[in-house]
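> One structure, as structure tokens, below. Some questions next.
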Amino acid sequence: MDVLGRIADVGIVPVIEISDAELAVPLADALLSAGLPCAEITFRTAAAADAIKAIAEQRPGVLVGAGTVLTSQQLDQALDAGARFVVSPGFDAAVVGRCLERIATPLPGVVTPTEVQAAIGHGLGAAKFFPAEAAGGPAYLRALAGPFPAFRFIPSGGITLDNLERYLAIPSVTAVGSSWPVASDLLAARDLGEVESRAREMVLKVRRFRQAPSGGRGRDGRQR
């Protein structure tokens with residue numbers, strides 16, 4: 001299964017801002033225990049590359065990627081550390097091009113039809129929709145996705161246990177990104193028990209939604 005297939009299978013990408021790389025492997029273990037073998041480590045701290053490297057080397061069962069990648073230099077650091085996918089808050093042709101050169105999966109941020117068309121023009125079939133809630137939420141995303149029925153979105157930004165089903169109900173949504181199960185205050189307190197509990201809640205909610213006889217979506221985002 002390819003990277004996008006694995007992300008779709010899980011349905012959730014935990015968006016992680018980690019300040020201490022030594023916490024990376026225990027955090028990965030908490031996510032694994034919750035049934036969430038995926039992690040997006042954001043380049044918002046100096047510990048990002050080391051955290052990615054630790055997870056990639058010590059927990060190969062976790063699909064680890066890099067987030068908040070703004071430059072080709074950061075991208076190279078992330079991929080050298082073992083990142084399998086690269087997420088950016090916006091669309092940068094240089095970053096996307098470099099990612100494709102290195103045979104990795106880019107997930108640039110898009111929020112307008114022009115940006116979606118730019119992503120399609122670079123051969124991409126999926127992108128991050130960011131900032132999801134601030135940009136207009138599910139209603140706006142439905143409208144944005146309308147002209148691009150084959151394109152897939154991973155909305156991120158303000159998504160929690162309470163609103164994730166509204167996004168998953170959109171046919172073009174293949175997974176959601178969320179910092180809620182890995183909130184910064186939980187990581188600062190090293191409360192991995194709560195991290196595991198929240199992650200498990202999200203995983204179960206996604207599974208139940210997808211298995212629902214009415215309204216559920218398949219793992220590819222299409223109506224069942």
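Each chain in the structure tokens gets a letter, A, B, ..., in the order shown, and its residues are numbered from 1; ligands are numbered from 1 in order too.
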Near region 189-201 of chain A, counting only C-alpha atoms, which residues have an atom at most 8 Å away, once you skip same-chain residues fewer than 2 positions from it, shown as JSON, numbers by chain?

{"A": [23, 26, 27, 30, 31, 33, 34, 35, 36, 161, 180, 181, 182, 183, 185, 186, 187, 203, 204, 205]}

> Go ahead and write the selection's residues with N, CA and C atoms as an mmCIF file, in the first residue's frame.


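Written output follows (selection.cif):
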data_model
loop_
_atom_site.group_PDB
_atom_site.id
_atom_site.type_symbol
_atom_site.label_atom_id
_atom_site.label_comp_id
_atom_site.auth_asym_id
_atom_site.auth_seq_id
_atom_site.Cartn_x
_atom_site.Cartn_y
_atom_site.Cartn_z
ATOM 1 N N LEU A 23 11.078 12.173 23.462
ATOM 2 C CA LEU A 23 9.677 11.792 23.663
ATOM 3 C C LEU A 23 9.093 11.112 22.428
ATOM 4 N N PRO A 26 8.380 7.048 22.702
ATOM 5 C CA PRO A 26 7.252 6.773 23.598
ATOM 6 C C PRO A 26 5.923 7.297 23.061
ATOM 7 N N LEU A 27 5.963 8.441 22.392
ATOM 8 C CA LEU A 27 4.749 8.986 21.786
ATOM 9 C C LEU A 27 4.260 8.078 20.664
ATOM 10 N N ALA A 30 2.509 5.180 22.111
ATOM 11 C CA ALA A 30 1.154 5.501 22.570
ATOM 12 C C ALA A 30 0.177 5.519 21.397
ATOM 13 N N LEU A 31 0.607 6.076 20.274
ATOM 14 C CA LEU A 31 -0.249 6.104 19.094
ATOM 15 C C LEU A 31 -0.480 4.697 18.551
ATOM 16 N N SER A 33 -0.450 1.928 20.245
ATOM 17 C CA SER A 33 -1.346 1.235 21.176
ATOM 18 C C SER A 33 -2.798 1.632 20.952
ATOM 19 N N ALA A 34 -2.998 2.848 20.467
ATOM 20 C CA ALA A 34 -4.353 3.336 20.192
ATOM 21 C C ALA A 34 -4.853 2.920 18.813
ATOM 22 N N GLY A 35 -4.012 2.240 18.031
ATOM 23 C CA GLY A 35 -4.403 1.846 16.686
ATOM 24 C C GLY A 35 -4.214 2.934 15.657
ATOM 25 N N LEU A 36 -3.245 3.834 15.923
ATOM 26 C CA LEU A 36 -3.003 4.970 15.040
ATOM 27 C C LEU A 36 -1.524 5.001 14.620
ATOM 28 N N LEU A 161 -12.474 15.760 17.945
ATOM 29 C CA LEU A 161 -13.401 14.638 18.025
ATOM 30 C C LEU A 161 -14.820 15.077 17.696
ATOM 31 N N TRP A 180 -5.548 17.532 18.062
ATOM 32 C CA TRP A 180 -6.297 17.324 19.301
ATOM 33 C C TRP A 180 -5.794 16.138 20.125
ATOM 34 N N PRO A 181 -5.519 14.972 19.528
ATOM 35 C CA PRO A 181 -5.058 13.861 20.374
ATOM 36 C C PRO A 181 -3.627 14.015 20.858
ATOM 37 N N VAL A 182 -2.884 14.912 20.254
ATOM 38 C CA VAL A 182 -1.471 15.093 20.616
ATOM 39 C C VAL A 182 -1.215 16.556 20.987
ATOM 40 N N ALA A 183 -2.153 17.146 21.699
ATOM 41 C CA ALA A 183 -2.083 18.571 22.044
ATOM 42 C C ALA A 183 -0.772 18.920 22.747
ATOM 43 N N ASP A 185 -0.062 20.803 25.216
ATOM 44 C CA ASP A 185 -0.033 20.754 26.679
ATOM 45 C C ASP A 185 0.104 19.324 27.194
ATOM 46 N N LEU A 186 -0.453 18.360 26.479
ATOM 47 C CA LEU A 186 -0.293 16.960 26.873
ATOM 48 C C LEU A 186 1.152 16.506 26.704
ATOM 49 N N LEU A 187 1.775 16.937 25.609
ATOM 50 C CA LEU A 187 3.168 16.551 25.381
ATOM 51 C C LEU A 187 4.090 17.237 26.381
ATOM 52 N N VAL A 203 -9.804 7.144 16.646
ATOM 53 C CA VAL A 203 -9.746 5.962 15.785
ATOM 54 C C VAL A 203 -11.093 5.239 15.788
ATOM 55 N N LEU A 204 -11.658 5.046 16.959
ATOM 56 C CA LEU A 204 -12.942 4.354 17.061
ATOM 57 C C LEU A 204 -14.061 5.132 16.379
ATOM 58 N N LYS A 205 -14.018 6.455 16.509
ATOM 59 C CA LYS A 205 -15.065 7.266 15.892
ATOM 60 C C LYS A 205 -14.987 7.186 14.368
#

> Tell me which protein, DNA and RNA residues are within 7 Å of region 9-13 of chain A, counting only C-alpha atoms, leaving out same-chain ones fewer than 6 positions away, and put them as a list of chain:residue names.

A:Leu36, A:Cys38, A:Ala39, A:Glu40, A:Thr174, A:Ala175, A:Val176, A:Gly177, A:Ser178, A:Val206, A:Arg219

> Would you write out those residues with N, CA and C atoms, as a CSV table (one decimal), in the first residue's frame?


chain,number,residue,atom,x,y,z
A,36,LEU,N,-3.2,3.8,15.9
A,36,LEU,CA,-3.0,5.0,15.0
A,36,LEU,C,-1.5,5.0,14.6
A,38,CYS,N,0.5,6.4,12.6
A,38,CYS,CA,0.8,7.5,11.7
A,38,CYS,C,1.2,8.7,12.6
A,39,ALA,N,2.1,9.6,12.1
A,39,ALA,CA,2.5,10.7,12.8
A,39,ALA,C,3.1,11.8,11.9
A,40,GLU,N,2.6,13.0,12.0
A,40,GLU,CA,3.2,14.1,11.2
A,40,GLU,C,3.9,15.0,12.2
A,174,THR,N,-10.3,12.1,2.4
A,174,THR,CA,-9.8,10.7,2.5
A,174,THR,C,-9.3,10.5,4.0
A,175,ALA,N,-9.0,11.6,4.7
A,175,ALA,CA,-8.5,11.5,6.1
A,175,ALA,C,-8.5,12.9,6.6
A,176,VAL,N,-8.4,13.0,7.9
A,176,VAL,CA,-8.3,14.4,8.5
A,176,VAL,C,-7.0,14.5,9.3
A,177,GLY,N,-6.5,15.7,9.4
A,177,GLY,CA,-5.3,16.0,10.2
A,177,GLY,C,-5.8,16.7,11.5
A,178,SER,N,-5.2,16.3,12.6
A,178,SER,CA,-5.7,16.8,13.9
A,178,SER,C,-4.6,16.8,14.9
A,206,VAL,N,-13.8,7.2,13.8
A,206,VAL,CA,-13.6,7.1,12.4
A,206,VAL,C,-14.1,5.7,11.9
A,219,ARG,N,-12.9,4.0,2.7
A,219,ARG,CA,-11.6,4.6,3.0
A,219,ARG,C,-11.0,5.4,1.9

> What lies within 12 Å of region 70-81 of chain A using only C-alpha atoms, ignoring chain neighbours under 2 positions off, as JSON, numbers by chain?

{"A": [40, 41, 42, 43, 44, 45, 46, 47, 48, 49, 50, 51, 52, 53, 54, 55, 56, 57, 64, 65, 66, 67, 68, 83, 84, 85, 86, 87, 88, 89, 90, 91, 92, 93, 94, 95, 96, 97, 98, 99, 100, 101, 102, 103, 104, 105, 106, 107, 108, 109]}

> Tell me which protein, DNA and RNA residues are within 12 Å of Val111 (chain A), counting only C-alpha atoms, leaving out same-chain ones fewer than 6 positions away, and put them as a list in words.

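Those residues are Pro89, Gly90, Phe91, Gln117, Ala118, Ala119, Ala127, Lys128, Phe129, Phe130, Pro131, Ala132, Glu133, Ala134, Ala135, Gly136, Gly137, Tyr140, Leu141, Arg142, Ala143, Leu144, Ala145, Phe153, Ile154, Pro155, Ser156 and Gly157 of chain A.
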
> Keeping N, CA and C atoms, export the residues of the selection given above as a compact mmCIF listing (two decimals), in the first residue's frame.


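Result written to result.txt:
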# COMPACT_ATOMS: atom_id res chain seq x y z
N PRO A 89 1.96 24.18 4.81
CA PRO A 89 0.74 24.95 5.04
C PRO A 89 0.19 25.58 3.76
N GLY A 90 1.04 25.76 2.76
CA GLY A 90 0.62 26.35 1.50
C GLY A 90 1.25 25.62 0.33
N PHE A 91 0.93 26.09 -0.87
CA PHE A 91 1.48 25.46 -2.07
C PHE A 91 2.73 26.20 -2.52
N GLN A 117 -5.77 23.63 -8.60
CA GLN A 117 -5.35 23.45 -9.99
C GLN A 117 -3.83 23.39 -10.10
N ALA A 118 -3.13 24.18 -9.29
CA ALA A 118 -1.67 24.12 -9.31
C ALA A 118 -1.19 22.76 -8.86
N ALA A 119 -1.82 22.21 -7.83
CA ALA A 119 -1.44 20.87 -7.36
C ALA A 119 -1.70 19.82 -8.43
N ALA A 127 -4.14 16.78 -1.45
CA ALA A 127 -3.48 17.90 -0.78
C ALA A 127 -4.12 18.12 0.58
N LYS A 128 -3.46 18.90 1.39
CA LYS A 128 -4.00 19.31 2.69
C LYS A 128 -4.91 20.52 2.47
N PHE A 129 -6.08 20.50 3.09
CA PHE A 129 -6.96 21.67 3.08
C PHE A 129 -6.75 22.39 4.40
N PHE A 130 -6.15 23.57 4.34
CA PHE A 130 -5.73 24.27 5.56
C PHE A 130 -5.84 25.78 5.38
N PRO A 131 -6.27 26.48 6.44
CA PRO A 131 -6.75 26.02 7.75
C PRO A 131 -8.25 25.70 7.68
N ALA A 132 -8.61 24.47 7.92
CA ALA A 132 -9.94 23.97 7.61
C ALA A 132 -11.07 24.77 8.25
N GLU A 133 -11.07 24.87 9.56
CA GLU A 133 -12.19 25.55 10.23
C GLU A 133 -12.18 27.04 9.93
N ALA A 134 -11.03 27.67 10.00
CA ALA A 134 -10.94 29.12 9.77
C ALA A 134 -11.29 29.50 8.34
N ALA A 135 -11.05 28.58 7.40
CA ALA A 135 -11.29 28.88 5.99
C ALA A 135 -12.75 28.71 5.58
N GLY A 136 -13.58 28.18 6.46
CA GLY A 136 -14.99 28.01 6.13
C GLY A 136 -15.55 26.65 6.44
N GLY A 137 -14.70 25.74 6.92
CA GLY A 137 -15.17 24.44 7.37
C GLY A 137 -15.72 23.55 6.28
N TYR A 140 -17.48 25.10 3.06
CA TYR A 140 -16.57 25.66 2.06
C TYR A 140 -15.83 24.55 1.33
N LEU A 141 -15.39 23.51 2.06
CA LEU A 141 -14.64 22.44 1.41
C LEU A 141 -15.50 21.70 0.40
N ARG A 142 -16.77 21.49 0.72
CA ARG A 142 -17.66 20.85 -0.26
C ARG A 142 -17.71 21.66 -1.55
N ALA A 143 -17.82 22.97 -1.41
CA ALA A 143 -17.89 23.83 -2.59
C ALA A 143 -16.57 23.82 -3.36
N LEU A 144 -15.47 23.86 -2.62
CA LEU A 144 -14.14 23.84 -3.26
C LEU A 144 -13.93 22.53 -4.01
N ALA A 145 -14.35 21.41 -3.41
CA ALA A 145 -14.10 20.11 -4.01
C ALA A 145 -14.98 19.84 -5.23
N PHE A 153 -8.76 15.39 -0.47
CA PHE A 153 -8.35 16.40 0.50
C PHE A 153 -8.13 15.77 1.88
N ILE A 154 -7.15 16.31 2.59
CA ILE A 154 -6.93 15.98 4.00
C ILE A 154 -7.07 17.28 4.78
N PRO A 155 -8.27 17.60 5.24
CA PRO A 155 -8.46 18.86 5.97
C PRO A 155 -7.74 18.83 7.30
N SER A 156 -7.21 19.99 7.69
CA SER A 156 -6.46 20.11 8.94
C SER A 156 -6.58 21.54 9.44
N GLY A 157 -6.64 21.67 10.75
CA GLY A 157 -6.77 23.01 11.34
C GLY A 157 -8.08 23.16 12.06

> Mind pulling up the distance from CA of Gly125 (chain A) to CA of Phe151 (chain A)?

5.2 Å

> Pick out the closest residue to Tyr167 (chain A) from this set: A:Pro37, A:Gly123, A:Pro138, A:Pro213. Count only C-alpha atoms.

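When distances to Tyr167 (chain A) are compared using only C-alpha atoms, the smallest one comes from A:Pro138.
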